[in-house]
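The file protein.csv comes next; it holds CSV, C-alpha atoms and all ligand atoms.
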chain,number,residue,atom,x,y,z
A,1,MET,CA,233.7,-29.0,-282.0
A,2,ALA,CA,237.0,-29.3,-283.9
A,3,LYS,CA,240.0,-30.1,-281.8
A,4,THR,CA,242.7,-27.4,-281.6
A,5,PRO,CA,245.7,-28.7,-283.6
A,6,VAL,CA,249.2,-28.8,-282.1
A,7,PHE,CA,251.5,-27.9,-285.0
A,8,THR,CA,255.0,-29.0,-286.0
A,9,SER,CA,257.3,-26.1,-286.9
A,10,GLU,CA,256.7,-26.8,-290.6
A,11,GLU,CA,252.9,-26.7,-290.1
A,12,ALA,CA,253.2,-23.5,-288.1
A,13,ILE,CA,255.1,-21.9,-291.0
A,14,ALA,CA,252.4,-23.1,-293.4
A,15,GLY,CA,249.8,-21.7,-291.0
A,16,LEU,CA,251.6,-18.3,-291.0
A,17,ARG,CA,251.6,-18.4,-294.8
A,18,GLN,CA,247.9,-19.2,-294.9
A,19,SER,CA,247.1,-16.4,-292.4
A,20,VAL,CA,248.2,-13.7,-294.9
A,21,HIS,CA,245.0,-11.7,-295.6
A,22,ALA,CA,244.2,-9.5,-298.7
A,23,LYS,CA,245.2,-6.3,-296.9
A,24,ALA,CA,248.8,-7.6,-296.4
A,25,ASN,CA,249.4,-6.4,-300.0
A,26,ASN,CA,249.9,-3.0,-298.3
A,27,PHE,CA,252.8,-4.2,-296.2
A,28,TYR,CA,256.0,-4.1,-298.1
A,29,ALA,CA,259.0,-4.8,-295.8
A,30,MET,CA,259.7,-5.4,-292.2
A,31,TYR,CA,262.8,-5.3,-290.1
A,32,SER,CA,262.9,-7.2,-286.8
A,33,SER,CA,265.7,-7.1,-284.3
A,34,VAL,CA,264.4,-10.6,-283.2
A,35,PHE,CA,265.8,-12.1,-286.4
A,36,GLY,CA,268.2,-9.3,-287.2
A,37,GLY,CA,267.1,-8.6,-290.7
A,38,ILE,CA,264.4,-7.6,-293.2
A,39,VAL,CA,261.6,-9.7,-294.6
A,40,THR,CA,259.3,-8.8,-297.5
A,41,ASP,CA,256.9,-11.8,-297.1
A,42,PRO,CA,254.0,-10.6,-294.9
A,43,ALA,CA,253.7,-14.1,-293.4
A,44,PHE,CA,256.8,-13.4,-291.4
A,45,MET,CA,256.0,-9.8,-290.3
A,46,VAL,CA,255.2,-10.9,-286.8
A,47,LEU,CA,256.2,-10.1,-283.2
A,48,PRO,CA,256.9,-12.4,-280.3
A,49,LEU,CA,254.1,-12.5,-277.7
A,50,ASP,CA,256.7,-12.2,-274.9
A,51,ASP,CA,257.8,-8.8,-276.1
A,52,HIS,CA,257.0,-6.2,-273.4
A,53,MET,CA,255.4,-4.1,-276.2
A,54,VAL,CA,252.8,-6.8,-276.8
A,55,HIS,CA,251.8,-7.7,-273.2
A,56,ARG,CA,252.5,-4.5,-271.3
A,57,GLY,CA,252.5,-1.7,-273.9
A,58,HIS,CA,256.1,-0.9,-273.0
A,59,ALA,CA,257.2,0.5,-276.3
A,60,VAL,CA,257.4,3.7,-278.2
A,61,PHE,CA,257.1,4.4,-281.9
A,62,ASP,CA,257.2,7.0,-284.7
A,63,THR,CA,256.4,7.3,-288.4
A,64,ALA,CA,258.1,9.0,-291.2
A,65,THR,CA,256.6,9.6,-294.7
A,66,LEU,CA,258.2,8.1,-297.8
A,67,THR,CA,257.7,10.5,-300.6
A,68,HIS,CA,259.2,10.5,-304.1
A,69,GLY,CA,261.8,7.9,-302.9
A,70,MET,CA,262.9,10.1,-300.0
A,71,LEU,CA,262.1,10.0,-296.2
A,72,TYR,CA,260.7,13.4,-295.2
A,73,GLN,CA,261.9,14.7,-291.8
A,74,LEU,CA,263.4,11.4,-290.8
A,75,ASP,CA,265.8,13.0,-288.4
A,76,PRO,CA,263.3,14.9,-286.3
A,77,HIS,CA,261.1,11.8,-286.2
A,78,LEU,CA,264.1,9.7,-285.1
A,79,ASP,CA,265.0,12.3,-282.4
A,80,ARG,CA,261.4,12.1,-281.1
A,81,LEU,CA,261.5,8.3,-281.0
A,82,ILE,CA,264.7,8.4,-279.0
A,83,LYS,CA,263.3,11.0,-276.6
A,84,SER,CA,260.1,8.9,-276.2
A,85,ALA,CA,262.3,5.8,-275.5
A,86,ASP,CA,264.1,7.8,-272.8
A,87,GLY,CA,260.8,8.8,-271.2
A,88,ALA,CA,259.7,5.1,-271.3
A,89,ARG,CA,263.1,4.0,-269.9
A,90,ILE,CA,263.8,1.8,-272.9
A,91,ALA,CA,267.5,1.5,-273.7
A,92,LEU,CA,268.5,1.7,-277.4
A,93,PRO,CA,269.4,-1.7,-278.8
A,94,PHE,CA,271.7,0.1,-281.3
A,95,ALA,CA,273.3,3.5,-281.7
A,96,ARG,CA,271.1,6.2,-283.4
A,97,GLU,CA,273.1,6.0,-286.6
A,98,GLN,CA,272.4,2.2,-286.9
A,99,LEU,CA,268.7,2.7,-286.2
A,100,ARG,CA,268.7,5.3,-288.9
A,101,GLN,CA,270.5,3.0,-291.3
A,102,ILE,CA,268.1,0.1,-290.6
A,103,VAL,CA,265.1,2.4,-291.3
A,104,LEU,CA,266.6,3.5,-294.6
A,105,GLU,CA,267.6,-0.1,-295.6
A,106,THR,CA,264.1,-1.4,-294.8
A,107,ALA,CA,262.6,1.4,-296.9
A,108,ALA,CA,265.0,0.4,-299.7
A,109,ALA,CA,264.1,-3.3,-299.4
A,110,SER,CA,260.4,-2.3,-299.9
A,111,ARG,CA,261.3,-0.8,-303.3
A,112,GLN,CA,258.4,1.6,-302.8
A,113,ARG,CA,258.8,5.3,-303.5
A,114,GLU,CA,255.6,6.4,-301.6
A,115,GLY,CA,254.3,5.1,-298.3
A,116,SER,CA,254.8,5.3,-294.6
A,117,VAL,CA,257.7,3.9,-292.5
A,118,ARG,CA,256.8,3.2,-288.9
A,119,TYR,CA,259.3,2.0,-286.3
A,120,TRP,CA,259.1,0.9,-282.7
A,121,LEU,CA,261.6,0.7,-279.9
A,122,SER,CA,260.4,-1.8,-277.3
A,123,ALA,CA,261.7,-3.1,-274.0
A,124,GLY,CA,261.9,-6.4,-275.9
A,125,PRO,CA,261.1,-10.1,-275.4
A,126,GLY,CA,262.0,-12.2,-272.3
A,127,GLY,CA,258.9,-13.1,-270.2
A,128,TYR,CA,255.4,-12.1,-269.1
A,129,GLY,CA,256.1,-10.1,-266.0
A,130,ILE,CA,255.6,-6.4,-265.3
A,131,GLY,CA,259.3,-5.5,-264.8
A,132,PRO,CA,261.4,-5.3,-268.0
A,133,ALA,CA,264.5,-6.7,-266.1
A,134,GLU,CA,263.5,-10.1,-267.6
A,135,CYS,CA,263.7,-8.7,-271.2
A,136,VAL,CA,266.8,-10.2,-272.9
A,137,SER,CA,267.4,-7.1,-275.0
A,138,SER,CA,265.4,-4.1,-276.2
A,139,GLY,CA,263.7,-4.6,-279.6
A,140,PHE,CA,263.5,-2.6,-282.8
A,141,TYR,CA,260.9,-3.1,-285.5
A,142,VAL,CA,260.3,-1.3,-288.8
A,143,ILE,CA,257.5,-1.7,-291.2
A,144,VAL,CA,257.0,0.0,-294.6
A,145,PHE,CA,253.3,0.1,-295.5
A,146,LYS,CA,250.8,1.9,-297.6
A,147,PRO,CA,248.8,4.2,-295.3
A,148,GLU,CA,245.1,4.6,-295.4
A,149,ALA,CA,244.3,7.5,-297.6
A,150,TYR,CA,242.1,10.3,-296.2
A,151,PRO,CA,239.1,11.1,-298.4
A,152,ASP,CA,239.5,14.0,-300.9
A,153,ARG,CA,236.5,15.7,-299.3
A,154,TYR,CA,238.6,16.4,-296.2
A,155,TYR,CA,240.6,18.9,-298.2
A,156,ARG,CA,237.9,20.1,-300.7
A,157,GLN,CA,234.9,20.4,-298.3
A,158,GLY,CA,236.6,20.2,-294.9
A,159,ILE,CA,236.5,18.0,-291.8
A,160,LYS,CA,233.9,17.8,-289.0
A,161,VAL,CA,235.1,17.4,-285.5
A,162,ILE,CA,233.5,16.9,-282.1
A,163,THR,CA,234.7,17.6,-278.6
A,164,SER,CA,235.7,14.2,-277.2
A,165,GLN,CA,234.4,12.9,-273.9
A,166,VAL,CA,237.5,10.6,-273.7
A,167,PRO,CA,239.9,12.0,-271.1
A,168,ILE,CA,243.2,13.1,-272.5
A,169,LYS,CA,246.4,11.4,-271.3
A,170,PRO,CA,248.1,13.2,-268.5
A,171,PRO,CA,251.0,15.4,-269.7
A,172,LEU,CA,253.7,12.9,-268.9
A,173,PHE,CA,252.1,10.3,-271.2
A,174,ALA,CA,250.8,12.7,-273.8
A,175,ARG,CA,254.4,13.9,-274.5
A,176,ILE,CA,255.7,10.3,-275.0
A,177,LYS,CA,254.7,8.6,-278.2
A,178,SER,CA,254.1,5.2,-276.6
A,179,THR,CA,252.1,2.3,-277.9
A,180,ASN,CA,249.2,3.2,-275.6
A,181,TYR,CA,246.9,4.8,-278.2
A,182,LEU,CA,243.7,3.5,-276.6
A,183,PRO,CA,242.3,7.0,-275.8
A,184,ASN,CA,243.2,8.1,-279.4
A,185,VAL,CA,241.4,5.1,-280.9
A,186,LEU,CA,238.4,5.8,-278.7
A,187,VAL,CA,238.3,9.4,-279.8
A,188,VAL,CA,238.0,8.4,-283.5
A,189,LEU,CA,235.3,5.8,-282.7
A,190,GLU,CA,233.4,8.3,-280.7
A,191,ALA,CA,233.6,10.9,-283.6
A,192,LYS,CA,232.3,8.3,-286.1
A,193,ASP,CA,229.5,7.3,-283.7
A,194,ARG,CA,228.5,11.0,-283.6
A,195,GLY,CA,228.6,11.5,-287.4
A,196,ALA,CA,231.9,13.4,-287.4
A,197,ASP,CA,235.4,12.7,-288.8
A,198,ASN,CA,237.6,13.2,-285.8
A,199,GLY,CA,237.6,14.5,-282.2
A,200,VAL,CA,239.4,17.1,-280.2
A,201,PHE,CA,240.8,16.4,-276.7
A,202,ILE,CA,240.1,19.2,-274.2
A,203,ASP,CA,242.3,19.3,-271.2
A,204,GLN,CA,241.1,19.4,-267.5
A,205,ARG,CA,241.2,23.3,-267.6
A,206,GLY,CA,239.0,23.5,-270.7
A,207,MET,CA,241.8,24.3,-273.1
A,208,VAL,CA,242.1,22.8,-276.6
A,209,ALA,CA,244.8,20.1,-276.6
A,210,GLU,CA,245.1,17.9,-279.7
A,211,SER,CA,243.2,15.5,-282.0
A,212,ALA,CA,243.6,11.7,-282.3
A,213,ILE,CA,246.9,11.6,-284.2
A,214,MET,CA,247.1,15.3,-285.1
A,215,ASN,CA,247.7,18.7,-283.7
A,216,VAL,CA,245.0,21.4,-283.8
A,217,ALA,CA,245.7,25.0,-284.9
A,218,PHE,CA,243.6,28.0,-285.6
A,219,VAL,CA,243.7,31.3,-287.4
A,220,THR,CA,241.9,34.1,-285.5
A,221,LYS,CA,239.7,36.7,-287.1
A,222,ASP,CA,242.6,39.2,-286.8
A,223,ARG,CA,244.9,36.8,-288.6
A,224,VAL,CA,246.9,35.4,-285.8
A,225,PHE,CA,248.1,31.8,-286.1
A,226,ARG,CA,247.3,30.0,-282.8
A,227,HIS,CA,248.5,26.8,-281.4
A,228,PRO,CA,248.6,25.5,-277.8
A,229,PRO,CA,252.0,25.1,-276.0
A,230,PHE,CA,253.6,21.7,-276.1
A,231,ASP,CA,253.8,20.9,-272.4
A,232,ALA,CA,250.8,18.6,-272.3
A,233,ILE,CA,250.4,17.3,-275.8
A,234,LEU,CA,252.6,15.5,-278.3
A,235,SER,CA,255.1,17.8,-280.0
A,236,GLY,CA,254.1,17.1,-283.6
A,237,ILE,CA,256.9,17.2,-286.1
A,238,THR,CA,254.6,18.5,-288.8
A,239,ILE,CA,253.3,21.4,-286.7
A,240,GLN,CA,256.8,22.4,-285.8
A,241,ARG,CA,257.5,22.8,-289.6
A,242,VAL,CA,254.1,24.5,-290.1
A,243,LEU,CA,255.0,27.0,-287.4
A,244,ASP,CA,258.0,28.0,-289.6
A,245,PHE,CA,255.7,28.3,-292.6
A,246,ALA,CA,253.3,30.5,-290.6
A,247,GLN,CA,256.2,32.7,-289.5
A,248,ARG,CA,257.1,33.1,-293.3
A,249,LEU,CA,253.5,34.2,-293.9
A,250,VAL,CA,253.9,36.8,-291.1
A,251,GLU,CA,257.0,38.1,-292.9
A,252,HIS,CA,254.9,38.3,-296.1
A,253,GLY,CA,252.1,40.2,-294.3
A,254,VAL,CA,249.6,37.4,-294.9
A,255,LEU,CA,249.4,36.7,-291.1
A,256,ASN,CA,249.8,39.2,-288.3
A,257,ALA,CA,251.5,36.9,-285.8
A,258,VAL,CA,252.1,33.4,-284.6
A,259,ARG,CA,251.1,32.8,-281.0
A,260,LEU,CA,251.8,29.6,-278.9
A,261,ALA,CA,249.6,29.9,-275.8
A,262,ASP,CA,246.6,28.2,-274.2
A,263,ILE,CA,243.5,28.2,-276.4
A,264,PRO,CA,240.2,28.2,-274.4
A,265,VAL,CA,237.4,26.3,-276.3
A,266,GLU,CA,235.4,29.5,-276.8
A,267,GLU,CA,238.3,31.2,-278.5
A,268,GLY,CA,238.8,28.2,-280.8
A,269,ARG,CA,235.1,28.2,-281.7
A,270,ALA,CA,235.3,31.9,-282.7
A,271,ALA,CA,238.3,31.4,-285.0
A,272,ALA,CA,238.2,32.2,-288.7
A,273,GLU,CA,240.0,28.9,-289.5
A,274,MET,CA,240.7,25.7,-287.7
A,275,MET,CA,242.9,22.9,-289.0
A,276,LEU,CA,244.3,19.5,-288.2
A,277,ILE,CA,248.0,19.0,-288.7
A,278,GLY,CA,250.1,15.8,-288.7
A,279,SER,CA,252.3,13.5,-290.8
A,280,SER,CA,249.3,11.5,-291.9
A,281,ILE,CA,246.7,14.3,-292.6
A,282,LYS,CA,249.3,17.0,-293.6
A,283,VAL,CA,247.3,20.2,-293.2
A,284,ALA,CA,243.5,19.8,-293.4
A,285,PRO,CA,240.7,22.3,-292.8
A,286,VAL,CA,238.1,21.8,-290.1
A,287,VAL,CA,234.8,23.4,-291.0
A,288,GLU,CA,232.5,22.3,-288.3
A,289,TRP,CA,233.0,21.7,-284.6
A,290,ASP,CA,230.2,20.1,-282.5
A,291,GLY,CA,227.8,21.0,-285.3
A,292,GLN,CA,228.8,24.7,-285.3
A,293,LYS,CA,230.5,26.3,-288.3
A,294,ILE,CA,234.1,27.5,-288.1
A,295,GLY,CA,234.4,30.8,-289.9
A,296,ASP,CA,232.2,30.7,-293.0
A,297,GLY,CA,232.0,26.9,-292.9
A,298,LYS,CA,234.4,26.5,-295.8
A,299,PRO,CA,238.1,25.6,-296.0
A,300,GLY,CA,240.0,28.8,-295.3
A,301,PRO,CA,242.8,30.4,-297.4
A,302,ILE,CA,245.5,30.2,-294.8
A,303,THR,CA,244.9,26.5,-294.3
A,304,LYS,CA,245.1,26.0,-298.1
A,305,LYS,CA,248.3,28.0,-298.3
A,306,LEU,CA,249.9,26.0,-295.4
A,307,LEU,CA,249.0,22.8,-297.2
A,308,GLU,CA,250.6,24.1,-300.4
A,309,MET,CA,253.7,25.0,-298.5
A,310,TRP,CA,253.8,21.6,-296.9
A,311,ASN,CA,253.4,19.8,-300.3
A,312,GLU,CA,256.2,22.0,-301.8
A,313,ASP,CA,258.4,21.2,-298.8
A,314,THR,CA,258.1,17.5,-299.3
A,315,THR,CA,259.3,17.7,-302.9
A,316,SER,CA,261.9,20.4,-302.7
A,317,ALA,CA,263.3,21.1,-299.2
A,318,MET,CA,266.5,19.1,-299.6
A,319,ASP,CA,267.5,19.7,-295.9
A,320,GLN,CA,264.2,17.9,-294.9
A,321,LEU,CA,264.6,14.9,-297.3
A,322,VAL,CA,266.8,11.8,-296.9
A,323,ALA,CA,267.3,9.7,-300.1
A,324,VAL,CA,266.5,6.0,-299.7
A,325,PRO,CA,269.4,3.8,-300.8
A,326,TYR,CA,267.4,1.6,-303.3
A,327,PRO,CA,269.2,-1.3,-304.9
A,328,ASP,CA,270.0,-0.7,-308.6
B,1,LIG,C1,248.7,12.4,-280.3
B,1,LIG,C2,249.3,13.0,-281.5
B,1,LIG,N1,249.4,14.3,-281.6
B,1,LIG,C3,249.9,14.9,-282.7
B,1,LIG,C4,250.5,14.1,-283.7
B,1,LIG,C5,251.1,14.8,-284.9
B,1,LIG,O1,252.5,14.5,-285.0
B,1,LIG,P1,253.3,14.4,-286.3
B,1,LIG,O2,253.2,15.7,-287.0
B,1,LIG,O3,254.7,14.2,-285.9
B,1,LIG,O4,252.7,13.3,-287.1
B,1,LIG,C6,250.5,12.7,-283.6
B,1,LIG,C7,251.1,11.9,-284.7
B,1,LIG,O5,252.1,11.4,-284.5
B,1,LIG,C8,249.9,12.1,-282.5
B,1,LIG,O6,249.8,10.8,-282.4

Transcribe the structure of this file into structure tokens.
Amino acid sequence: MAKTPVFTSEEAIAGLRQSVHAKANNFYAMYSSVFGGIVTDPAFMVLPLDDHMVHRGHAVFDTATLTHGMLYQLDPHLDRLIKSADGARIALPFAREQLRQIVLETAAASRQREGSVRYWLSAGPGGYGIGPAECVSSGFYVIVFKPEAYPDRYYRQGIKVITSQVPIKPPLFARIKSTNYLPNVLVVLEAKDRGADNGVFIDQRGMVAESAIMNVAFVTKDRVFRHPPFDAILSGITIQRVLDFAQRLVEHGVLNAVRLADIPVEEGRAAAEMMLIGSSIKVAPVVEWDGQKIGDGKPGPITKKLLEMWNEDTTSAMDQLVAVPYPD
């Protein structure tokens, strides 16, 4: 058996360089408060093991979409990050304005005009204990990357979901976007095992909650847009915007109403349309739930309309877009 080498610093750096895998082509730039700057070499896009995020999951995160060289809805995503940090009792390492500037400068350093920008606030490095008192200062990390693309069939043919057997996080944890995504990962794996694309969390009372990294909405047969209240799930930034779009459709007579209230599973199954909504998936139709058709089993017109409105928003809603300060 080969002996485990003990490296010099130079050998460790060479090892980091060698460890860069083919998929690291999708990682464009990273900011780390550990070294106080941005790197574009994936070899150095690493975290200290003693960070409370790594060994205790004591961190929160958020993601904004980079589109046409602009960050879409950066401010609501930053506000949610800060709210999550407050819930996780993580002090901000910098003022909000500086966090915002770092996100924008990391996006600029990536030189990409399309992609995802994800950022974490962590209790920071300092030891391996349970209490964060040992952490020397809270951490901030930003990565600009190319997200995994969802297949076209999700939008053309629609998505199949299952009711997940994985218990949903209790409300306190579901409302905080922390790095504990184990239940969410297990939902996706369970769905794939059962031949579906994603899963739906149902709460202890039998009400529809959310999906792995998406919110779940419905259109009833009498054209009411339905979504659960936000007290026991993550308050999605995308659904908040889509609720505005739905309200516009009410004003145009396309929908009859928008209603935020508990959705029993049976009501959801009887809907005319069901959709998954989130920054990654945008607005995508669900056509099958636990092997049963939703509506006529085809992507519905309201879902398509809401996706169109979302696409339009990401290119033209100047109050939702923040320009990235690219170098000349
Ligand atoms: C559990 C959960 N619910 C809902 C969402 C949708 O939120 P957003 O629209 O902000 O992406 C996400 C994604 O962040 C999520 O992780």

Please, which residues in range 200-245 of chain A fall within 8 Å of range 278-289 of chain A when counting only C-alpha atoms, and what is the closest atom pair and distance in Å to one decimal for each, ordered by chain then residue number, as a Markdown table?
| residue | atom | partner | partner_atom | distance |
| --- | --- | --- | --- | --- |
| A:Ile213 | CA | A:Gly278 | CA | 6.9 |
| A:Met214 | CA | A:Gly278 | CA | 4.7 |
| A:Asn215 | CA | A:Gly278 | CA | 6.3 |
| A:Gly236 | CA | A:Gly278 | CA | 6.6 |
| A:Ile237 | CA | A:Gly278 | CA | 7.4 |
| A:Thr238 | CA | A:Gly278 | CA | 5.2 |
| A:Ile239 | CA | A:Gly278 | CA | 6.8 |

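Excluding range 140-146 of chain A and any residue on its chain fewer than 3 positions from it, the residues at most 7 Å away by only C-alpha atoms are Asn26, Phe27, Tyr28, Ala29, Met30, Tyr31, Ser32, Ser33, Val103, Ala107, Ser110, Gly115, Ser116, Val117, Arg118, Tyr119, Trp120, Leu121 and Ser122 of chain A.
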
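Around the coordinate (257.1, 13.8, -302.2), residues that reach within 6 Å when counting all atoms listed in the file are Thr67, His68, Thr314 and Thr315 of chain A.
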
- Message: Show me which residues are within 10 Å of ligand LIG 1 (chain B) counting all atoms listed in the file, and format the list as an MDAnalysis selection string.
- Response: chainID A and resid 61:65 73 76:77 80 168:169 173:179 181 183:184 201 209:216 233:242 276:283

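Proximity of A:Asn25, A:Ser138, A:Thr163, A:Gln101 to Val265 in chain A, computed with only C-alpha atoms, is greatest for A:Thr163.
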
- Within 9 Å of Ala270 in chain A, counting only C-alpha atoms, which residues show up once you throw out same-chain ones fewer than 4 positions away? Write them as a ChimeraX atom specification, please. /A:220-221,265-266,294-295

- May I ask which of the residues A:Leu81, A:Gly139, A:Lys3, A:Arg100 is the closest one to Val34 in chain A, counting only C-alpha atoms?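 Closest residue, counting only C-alpha atoms: A:Gly139.
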
- Item | Å distance separating CA of Ile82 in chain A from CA of Leu99 in chain A, one decimal place |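 Answer for the CA of Ile82 in chain A to CA of Leu99 in chain A separation: 10.0 Å.
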
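Put simply, CA of Ala272 in chain A is 20.1 Å away from CA of Pro229 in chain A.
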